[in-house]
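Shown here: model32.txt, compact mmCIF, C-alpha atoms and all ligand atoms.
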```
# COMPACT_ATOMS: atom_id res chain seq x y z
CA MET A 1 89.50 0.01 54.42
CA ALA A 2 89.74 -1.79 51.07
CA SER A 3 87.56 -4.88 50.74
CA THR A 4 90.30 -6.35 48.53
CA ALA A 5 92.84 -6.29 51.38
CA PRO A 6 93.76 -9.65 52.95
CA ILE A 7 92.80 -11.01 56.37
CA GLY A 8 95.70 -12.02 58.60
CA VAL A 9 95.13 -15.30 60.45
CA PHE A 10 97.66 -16.68 62.90
CA ASP A 11 98.29 -19.42 65.41
CA SER A 12 101.22 -20.81 67.38
CA GLY A 13 101.61 -23.32 64.58
CA LEU A 14 99.35 -25.51 62.48
CA GLY A 15 96.15 -25.44 64.55
CA GLY A 16 94.86 -22.22 63.03
CA VAL A 17 94.91 -23.86 59.60
CA SER A 18 91.57 -25.36 60.73
CA VAL A 19 90.24 -21.80 61.03
CA ALA A 20 91.69 -20.70 57.67
CA ARG A 21 89.96 -23.74 56.16
CA ARG A 22 86.66 -22.67 57.67
CA ILE A 23 87.09 -19.10 56.39
CA MET A 24 87.69 -20.46 52.89
CA ARG A 25 84.56 -22.59 53.16
CA ASP A 26 82.27 -19.86 54.49
CA LEU A 27 83.86 -16.74 52.93
CA PRO A 28 85.42 -18.09 49.72
CA HIS A 29 86.07 -14.65 48.22
CA GLU A 30 88.38 -13.56 51.01
CA ARG A 31 92.16 -13.56 50.71
CA VAL A 32 93.81 -15.04 53.82
CA LEU A 33 97.43 -14.59 54.83
CA TYR A 34 98.07 -17.44 57.25
CA PHE A 35 101.04 -17.31 59.62
CA GLY A 36 101.91 -20.32 61.76
CA ASP A 37 104.55 -19.77 64.44
CA SER A 38 105.68 -23.41 64.54
CA ALA A 39 109.28 -22.40 65.38
CA ASN A 40 107.90 -21.13 68.71
CA ALA A 41 105.12 -23.69 69.27
CA PRO A 42 103.67 -24.60 71.64
CA TYR A 43 102.33 -21.38 73.13
CA GLY A 44 100.19 -23.19 75.69
CA THR A 45 103.10 -23.94 78.03
CA LYS A 46 104.70 -20.47 77.77
CA THR A 47 104.11 -17.43 79.99
CA PRO A 48 101.45 -14.88 79.00
CA ALA A 49 104.20 -12.26 78.46
CA GLN A 50 106.06 -14.53 76.01
CA VAL A 51 102.87 -15.25 74.06
CA ARG A 52 101.95 -11.55 74.04
CA ASP A 53 105.35 -10.61 72.54
CA LEU A 54 105.14 -13.29 69.88
CA SER A 55 101.57 -12.25 69.00
CA PHE A 56 102.51 -8.59 68.67
CA ALA A 57 105.34 -9.44 66.25
CA ILE A 58 102.94 -11.40 64.05
CA VAL A 59 100.20 -8.77 64.03
CA GLU A 60 102.78 -6.10 63.17
CA ARG A 61 103.78 -8.24 60.19
CA PHE A 62 100.13 -8.43 59.04
CA VAL A 63 99.71 -4.68 59.41
CA GLN A 64 102.82 -4.14 57.25
CA GLN A 65 101.23 -6.47 54.70
CA GLY A 66 98.11 -4.28 54.62
CA ALA A 67 95.70 -6.64 56.39
CA LYS A 68 92.14 -5.31 56.83
CA ALA A 69 91.54 -7.51 59.90
CA VAL A 70 93.30 -10.12 62.01
CA VAL A 71 91.91 -13.40 63.31
CA ILE A 72 93.80 -14.81 66.28
CA ALA A 73 93.18 -18.44 65.37
CA CYS A 74 94.52 -19.48 68.73
CA ASN A 75 92.65 -19.55 72.04
CA THR A 76 95.95 -19.30 73.92
CA ALA A 77 97.19 -16.15 72.14
CA THR A 78 93.71 -14.65 72.50
CA SER A 79 93.82 -15.15 76.30
CA ALA A 80 97.24 -13.59 76.56
CA ALA A 81 97.11 -10.78 74.02
CA VAL A 82 93.73 -9.84 72.54
CA ASN A 83 93.04 -6.84 74.79
CA ASP A 84 96.50 -5.35 74.34
CA LEU A 85 96.40 -5.93 70.58
CA ARG A 86 93.03 -4.18 70.32
CA ASP A 87 94.42 -1.24 72.26
CA ALA A 88 97.45 -1.03 69.99
CA TYR A 89 95.91 -1.46 66.52
CA ASP A 90 93.02 0.16 64.64
CA ILE A 91 92.04 -2.81 62.50
CA PRO A 92 89.53 -5.35 63.87
CA ILE A 93 91.19 -8.11 65.89
CA ILE A 94 88.95 -11.16 66.16
CA GLY A 95 89.84 -13.52 68.98
CA MET A 96 88.79 -17.06 69.84
CA GLU A 97 87.72 -18.58 73.14
CA PRO A 98 86.50 -22.06 74.06
CA ALA A 99 82.88 -22.38 72.84
CA LEU A 100 81.53 -23.01 76.33
CA LYS A 101 78.36 -21.01 75.66
CA VAL A 102 77.45 -23.22 72.69
CA ALA A 103 77.95 -26.31 74.85
CA CYS A 104 75.97 -24.99 77.84
CA ASP A 105 73.15 -23.59 75.68
CA ARG A 106 72.43 -27.15 74.57
CA GLY A 107 70.77 -27.54 77.97
CA ASP A 108 68.18 -24.85 77.24
CA ARG A 109 64.73 -26.30 76.67
CA PRO A 110 62.37 -23.32 76.52
CA HIS A 111 58.86 -24.77 77.02
CA ASP A 112 57.12 -21.51 76.12
CA GLY A 113 59.47 -20.36 73.39
CA HIS A 114 61.19 -17.76 75.60
CA ASP A 115 64.44 -17.74 77.46
CA GLY A 116 64.62 -16.18 80.90
CA GLY A 117 65.48 -12.75 79.44
CA ASP A 118 68.45 -10.58 80.47
CA GLY A 119 70.81 -13.46 79.86
CA GLU A 120 69.08 -15.57 82.53
CA PRO A 121 68.86 -19.25 81.68
CA PRO A 122 65.37 -20.48 80.73
CA ALA A 123 63.35 -21.93 83.58
CA ASP A 124 63.97 -25.46 82.47
CA HIS A 125 67.65 -25.33 81.65
CA ILE A 126 69.03 -28.82 82.04
CA PRO A 127 72.44 -28.53 83.73
CA GLN A 128 75.17 -29.63 81.35
CA ARG A 129 78.33 -31.52 82.21
CA VAL A 130 80.99 -30.10 79.91
CA ILE A 131 84.68 -30.91 79.52
CA VAL A 132 86.72 -28.02 78.12
CA ALA A 133 89.85 -29.36 76.42
CA ALA A 134 92.39 -26.57 75.92
CA THR A 135 96.00 -25.62 76.59
CA PRO A 136 97.28 -25.12 80.16
CA LEU A 137 97.73 -21.38 79.53
CA THR A 138 94.19 -20.87 78.19
CA LEU A 139 92.72 -22.63 81.21
CA ARG A 140 94.88 -20.66 83.67
CA GLU A 141 94.16 -17.18 82.29
CA HIS A 142 91.61 -14.65 83.61
CA LYS A 143 89.69 -14.75 80.36
CA PHE A 144 88.74 -18.38 80.92
CA ALA A 145 87.97 -17.80 84.61
CA ALA A 146 85.54 -15.05 83.54
CA LEU A 147 83.98 -17.32 80.91
CA MET A 148 83.59 -20.14 83.41
CA ALA A 149 82.03 -17.80 85.99
CA ARG A 150 79.20 -17.09 83.52
CA PHE A 151 78.21 -20.73 83.22
CA GLU A 152 79.30 -22.70 86.27
CA ALA A 153 76.32 -21.84 88.48
CA ASP A 154 73.99 -23.77 86.13
CA ASN A 155 76.38 -26.35 84.72
CA THR A 156 79.36 -28.49 85.67
CA ILE A 157 82.49 -27.38 83.84
CA LEU A 158 85.52 -29.64 83.79
CA PRO A 159 88.66 -27.94 82.42
CA GLN A 160 91.12 -30.44 80.94
CA PRO A 161 94.56 -29.32 79.72
CA CYS A 162 95.77 -31.44 76.76
CA PRO A 163 99.20 -30.07 75.76
CA GLU A 164 100.36 -33.26 74.02
CA LEU A 165 97.59 -32.92 71.44
CA VAL A 166 99.35 -29.78 70.18
CA GLU A 167 102.71 -31.54 69.89
CA ILE A 168 101.28 -34.47 67.95
CA VAL A 169 99.92 -32.14 65.25
CA GLU A 170 103.16 -30.14 65.07
CA GLN A 171 105.17 -33.37 64.77
CA GLY A 172 102.98 -34.54 61.89
CA ARG A 173 101.86 -37.63 63.82
CA LEU A 174 98.11 -37.11 63.59
CA ALA A 175 97.70 -40.26 61.49
CA ASP A 176 99.33 -42.39 64.23
CA ARG A 177 96.08 -43.80 65.55
CA GLU A 178 97.64 -45.82 68.32
CA LEU A 179 99.54 -42.79 69.68
CA VAL A 180 96.51 -40.51 69.43
CA MET A 181 94.07 -42.90 71.12
CA ARG A 182 96.59 -43.66 73.89
CA THR A 183 97.04 -39.92 74.48
CA LEU A 184 93.29 -39.27 74.51
CA HIS A 185 92.69 -42.14 76.95
CA GLY A 186 95.45 -40.66 79.16
CA TYR A 187 93.49 -37.41 79.41
CA PHE A 188 89.89 -38.63 79.43
CA ASP A 189 89.74 -42.03 81.15
CA ARG A 190 89.47 -40.19 84.49
CA TYR A 191 85.92 -39.10 83.57
CA ASP A 192 82.73 -41.08 83.43
CA LEU A 193 82.18 -40.10 79.81
CA THR A 194 78.65 -41.50 79.71
CA GLY A 195 77.66 -38.58 81.97
CA VAL A 196 79.37 -35.90 79.86
CA ASP A 197 77.03 -33.87 77.64
CA ALA A 198 79.69 -32.11 75.57
CA VAL A 199 83.41 -31.78 75.01
CA VAL A 200 84.55 -28.33 73.89
CA LEU A 201 87.58 -28.31 71.60
CA GLY A 202 89.10 -25.16 73.09
CA CYS A 203 92.29 -25.18 71.06
CA THR A 204 92.40 -24.88 67.30
CA HIS A 205 94.83 -27.82 67.02
CA PHE A 206 92.21 -30.11 68.58
CA VAL A 207 89.71 -29.71 65.74
CA PHE A 208 91.87 -32.06 63.67
CA TYR A 209 91.08 -34.79 66.24
CA ARG A 210 87.32 -34.65 65.76
CA ASP A 211 87.06 -38.22 64.38
CA TYR A 212 89.24 -39.59 67.16
CA PHE A 213 87.11 -37.83 69.78
CA ARG A 214 84.02 -39.31 68.12
CA GLU A 215 85.52 -42.74 68.56
CA LEU A 216 86.39 -42.07 72.22
CA LEU A 217 83.11 -40.49 73.31
CA PRO A 218 79.63 -41.97 73.65
CA SER A 219 77.38 -40.95 70.73
CA SER A 220 75.29 -38.84 73.13
CA THR A 221 78.27 -36.55 73.89
CA ALA A 222 78.46 -33.52 71.59
CA ILE A 223 81.79 -32.28 70.26
CA VAL A 224 81.77 -28.49 70.08
CA ASP A 225 84.16 -25.98 68.56
CA GLY A 226 83.96 -22.24 67.95
CA HIS A 227 85.04 -22.12 64.32
CA ALA A 228 81.68 -21.43 62.65
CA GLY A 229 80.86 -18.72 65.20
CA THR A 230 84.24 -17.05 64.78
CA VAL A 231 83.89 -16.89 61.00
CA ARG A 232 80.32 -15.59 61.32
CA HIS A 233 81.57 -12.89 63.65
CA LEU A 234 84.39 -12.03 61.22
CA ALA A 235 81.85 -11.65 58.40
CA VAL A 236 79.60 -9.39 60.49
CA VAL A 237 82.53 -7.16 61.47
CA LEU A 238 83.82 -6.89 57.90
CA GLU A 239 80.35 -6.22 56.55
CA SER A 240 79.77 -3.46 59.12
CA LEU A 241 82.93 -1.76 57.84
CA GLY A 242 82.03 -2.27 54.17
CA ALA A 243 85.12 -4.46 53.92
CA LEU A 244 83.71 -7.86 52.89
CA ALA A 245 85.28 -9.10 49.64
CA SER A 246 82.93 -8.84 46.69
CA ASP A 247 81.40 -11.90 45.06
CA ASP A 248 83.65 -11.64 42.02
CA ALA A 249 86.86 -11.51 44.09
CA ILE A 250 89.12 -14.55 43.96
CA GLY A 251 89.91 -15.79 47.45
CA GLY A 252 92.53 -18.17 48.74
CA VAL A 253 95.01 -18.88 51.51
CA GLU A 254 98.71 -18.00 51.41
CA ILE A 255 100.63 -19.92 54.03
CA ALA A 256 103.76 -18.69 55.83
CA ASN A 257 105.50 -20.18 58.84
CA SER A 258 108.35 -19.20 61.18
CA ASP A 259 109.65 -22.76 60.67
CA PRO A 260 110.84 -22.63 57.05
CA SER A 261 111.16 -26.43 56.63
CA ALA A 262 109.49 -28.26 53.75
CA ARG A 263 108.03 -30.65 56.35
CA ILE A 264 105.96 -27.89 57.97
CA ALA A 265 104.92 -26.43 54.60
CA THR A 266 103.66 -29.84 53.47
CA LEU A 267 101.86 -30.48 56.75
CA ALA A 268 100.13 -27.08 56.59
CA ARG A 269 99.05 -27.65 52.97
CA ASP A 270 97.72 -31.13 53.77
CA LEU A 271 95.76 -29.89 56.80
CA LEU A 272 94.31 -27.04 54.76
CA ALA A 273 93.16 -29.45 52.05
CA GLY A 274 92.00 -32.03 54.62
N1 LIG B 301 96.25 -23.65 68.75
C1 LIG B 301 96.39 -22.98 69.97
C2 LIG B 301 95.09 -22.68 70.69
O1 LIG B 301 94.04 -22.59 70.07
C3 LIG B 301 97.55 -23.18 70.88
C4 LIG B 301 98.42 -24.35 70.81
C5 LIG B 301 99.72 -24.19 71.52
O2 LIG B 301 100.64 -23.69 70.89
O3 LIG B 301 99.83 -24.57 72.70
O4 LIG B 301 95.08 -22.49 71.88
```
Transcribe the structure of this file into structure tokens.
Ligand code: DGL
Amino acid sequence: MASTAPIGVFDSGLGGVSVARRIMRDLPHERVLYFGDSANAPYGTKTPAQVRDLSFAIVERFVQQGAKAVVIACNTATSAAVNDLRDAYDIPIIGMEPALKVACDRGDRPHDGHDGGDGEPPADHIPQRVIVAATPLTLREHKFAALMARFEADNTILPQPCPELVEIVEQGRLADRELVMRTLHGYFDRYDLTGVDAVVLGCTHFVFYRDYFRELLPSSTAIVDGHAGTVRHLAVVLESLGALASDDAIGGVEIANSDPSARIATLARDLLAG
């Protein structure tokens, strides 16, 4: 596998641009082909079969373009399609899931420098109260049920679907503070936020709301996403295959979208620069 080959990164729309941005920051020599499926967004309210078909079409496109790896920069498409995609293709397929482990691990306070071993929580794990904000499909799928099962015995997990947060990004209304805050209050006023240890941004579109979440949440509540971990994992996989771009390679992101409008192209460019 040539280290000069590009990495395909896709999402239902513009959310995955936040992942492409992180790849550029952490792996600046890599060449990224970004594909946003805005013509078919949102994925989070579709059936798993629909999302699987759309994901296969995009990965096939990347393979035709000679991609050395694919990042599914979409928790929803990962839930619906990652296993089938891995079965069907030889190149590494990196998926994303809500960073629940990162949020729950914040409760670990090893007094003797050791965890409990064998994945057991340390003796003095402080139970965490964690809201997982994601799409309805992500929260309904088996993958999330399995993830939750790993952590719910020692923590309180509160899954919160937030489909409108996807639409606001796709409509280019992220700067409409009044709309955004009203939408966030609609989803989160039902919780006593002073008792929430962390909110997991379990959808790549939601990362663009970080400042708004900061305004909504008490300063003691952490805001967690999986972007850094995903890019670290990508680097480890590429390195293990001898496929990391060399330090003299010139990286960058090429953006394509199933919605060919200038509006979407401008939005994607602005979010990438943002
Ligand atoms: N950005 C996507 C995710 O991470 C999905 C958004 C959608 O299309 O519903 O789940």
Between CA of Gly252 in chain A and CA of Ile168 in chain A, distance in Å (one decimal):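 Taking CA of Gly252 in chain A as the start and CA of Ile168 in chain A as the end point, the length is 26.7 Å.
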Counting all atoms listed in the file, which of A:Gly44, A:Ala88, A:Ala73, A:Ile58 gets nearest to Leu139 in chain A?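 Comparing A:Gly44, A:Ala88, A:Ala73, A:Ile58 against Leu139 in chain A, the winner is A:Gly44.
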Could you give me the residues within 7 Å of ligand LIG 301 (chain B), counting only C-alpha atoms and all ligand atoms, as a ChimeraX atom specification? /A:11-13,15-16,41-45,73-77,134-135,138,163,166,202-205
Name the residues in contact with Lys68 in chain A at a cut-off of 9 Å, using all atoms listed in the file, excluding same-chain residues fewer than 3 positions from it; report them as a VMD selection string. chain A and resid 1 to 8 62 to 63 91 to 92 238 243
Residues within 12 Å of Asn83 in chain A, all atoms listed in the file, excluding chain neighbours under 3 positions, as a compact mmCIF listing (two decimals) with C-alpha atoms, keeping the file's coordinate frame:
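File written: out_36.txt
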```
# COMPACT_ATOMS: atom_id res chain seq x y z
CA ARG A 52 101.95 -11.55 74.04
CA SER A 55 101.57 -12.25 69.00
CA PHE A 56 102.51 -8.59 68.67
CA ILE A 72 93.80 -14.81 66.28
CA ALA A 77 97.19 -16.15 72.14
CA THR A 78 93.71 -14.65 72.50
CA SER A 79 93.82 -15.15 76.30
CA ALA A 80 97.24 -13.59 76.56
CA ARG A 86 93.03 -4.18 70.32
CA ASP A 87 94.42 -1.24 72.26
CA ALA A 88 97.45 -1.03 69.99
CA TYR A 89 95.91 -1.46 66.52
CA PRO A 92 89.53 -5.35 63.87
CA ILE A 93 91.19 -8.11 65.89
CA ILE A 94 88.95 -11.16 66.16
CA GLY A 95 89.84 -13.52 68.98
CA HIS A 142 91.61 -14.65 83.61
CA LYS A 143 89.69 -14.75 80.36
```
Distance of CA of Tyr34 in chain A from CA of Thr183 in chain A, expressed in Å to one decimal place: 28.3 Å
Between CA of Val169 in chain A and CA of Leu14 in chain A - distance in Å to one decimal: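 Distance between the two atoms: 7.2 Å.
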Using 4 Å of padding on each side, determine the axis-aligned box around all atoms of range 8-14 of chain A present in the file and give its centre and edge lengths in Å to one decimal, as JSON.
```
{"center_x": 98.4, "center_y": -18.8, "center_z": 63.0, "size_x": 14.5, "size_y": 21.5, "size_z": 16.8}
```
Find the residue from A:Leu201, A:Gly195, A:Val130, A:Asp124 that sits nearest to Ser219 in chain A; use all atoms listed in the file when measuring.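 Closest to Ser219 in chain A of all the choices is A:Gly195.
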Identify, on the basis of only C-alpha atoms, every residue whose closest approach to range 260-263 of chain A does not exceed 12 Å; exclude the query and any residue fewer than 3 positions from it along the same chain; express the result as a JSON list (two decimals) with C-alpha atoms, in the coordinates of the input.
```json
[["chain", "number", "residue", "atom", "x", "y", "z"],
["A", 13, "GLY", "CA", 101.61, -23.32, 64.58],
["A", 14, "LEU", "CA", 99.35, -25.51, 62.48],
["A", 35, "PHE", "CA", 101.04, -17.31, 59.62],
["A", 36, "GLY", "CA", 101.91, -20.32, 61.76],
["A", 37, "ASP", "CA", 104.55, -19.77, 64.44],
["A", 38, "SER", "CA", 105.68, -23.41, 64.54],
["A", 39, "ALA", "CA", 109.28, -22.40, 65.38],
["A", 170, "GLU", "CA", 103.16, -30.14, 65.07],
["A", 171, "GLN", "CA", 105.17, -33.37, 64.77],
["A", 172, "GLY", "CA", 102.98, -34.54, 61.89],
["A", 173, "ARG", "CA", 101.86, -37.63, 63.82],
["A", 255, "ILE", "CA", 100.63, -19.92, 54.03],
["A", 256, "ALA", "CA", 103.76, -18.69, 55.83],
["A", 257, "ASN", "CA", 105.50, -20.18, 58.84],
["A", 266, "THR", "CA", 103.66, -29.84, 53.47],
["A", 267, "LEU", "CA", 101.86, -30.48, 56.75],
["A", 268, "ALA", "CA", 100.13, -27.08, 56.59],
["A", 269, "ARG", "CA", 99.05, -27.65, 52.97],
["A", 270, "ASP", "CA", 97.72, -31.13, 53.77]]
```
Nearest residue to Leu241 in chain A from the set A:Leu85, A:Ala69, A:Val132, A:Leu33 (distances using only C-alpha atoms):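 Using only C-alpha atoms, Leu241 in chain A sits closest to A:Ala69.
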Pick the closest to Leu234 in chain A from A:Ser246, A:Val9, A:Leu217, A:Gly251: which is it, counting all atoms listed in the file?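 Using all atoms listed in the file, the shortest distance to Leu234 in chain A belongs to A:Val9.
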May I have the residues within 12 Å of Thr156 in chain A as JSON, numbers by chain, using all atoms listed in the file and disregarding those fewer than 5 positions away in the same chain? {"A": [100, 103, 104, 107, 126, 127, 128, 129, 130, 131, 132, 148, 149, 150, 151, 195, 196, 197, 198, 199]}
Nearby residues (only C-alpha atoms) at most 7 Å from range 22-25 of chain A, same-chain spacing under 2 positions excluded, as a ChimeraX atom specification: /A:18-20,27-28,227,231,252
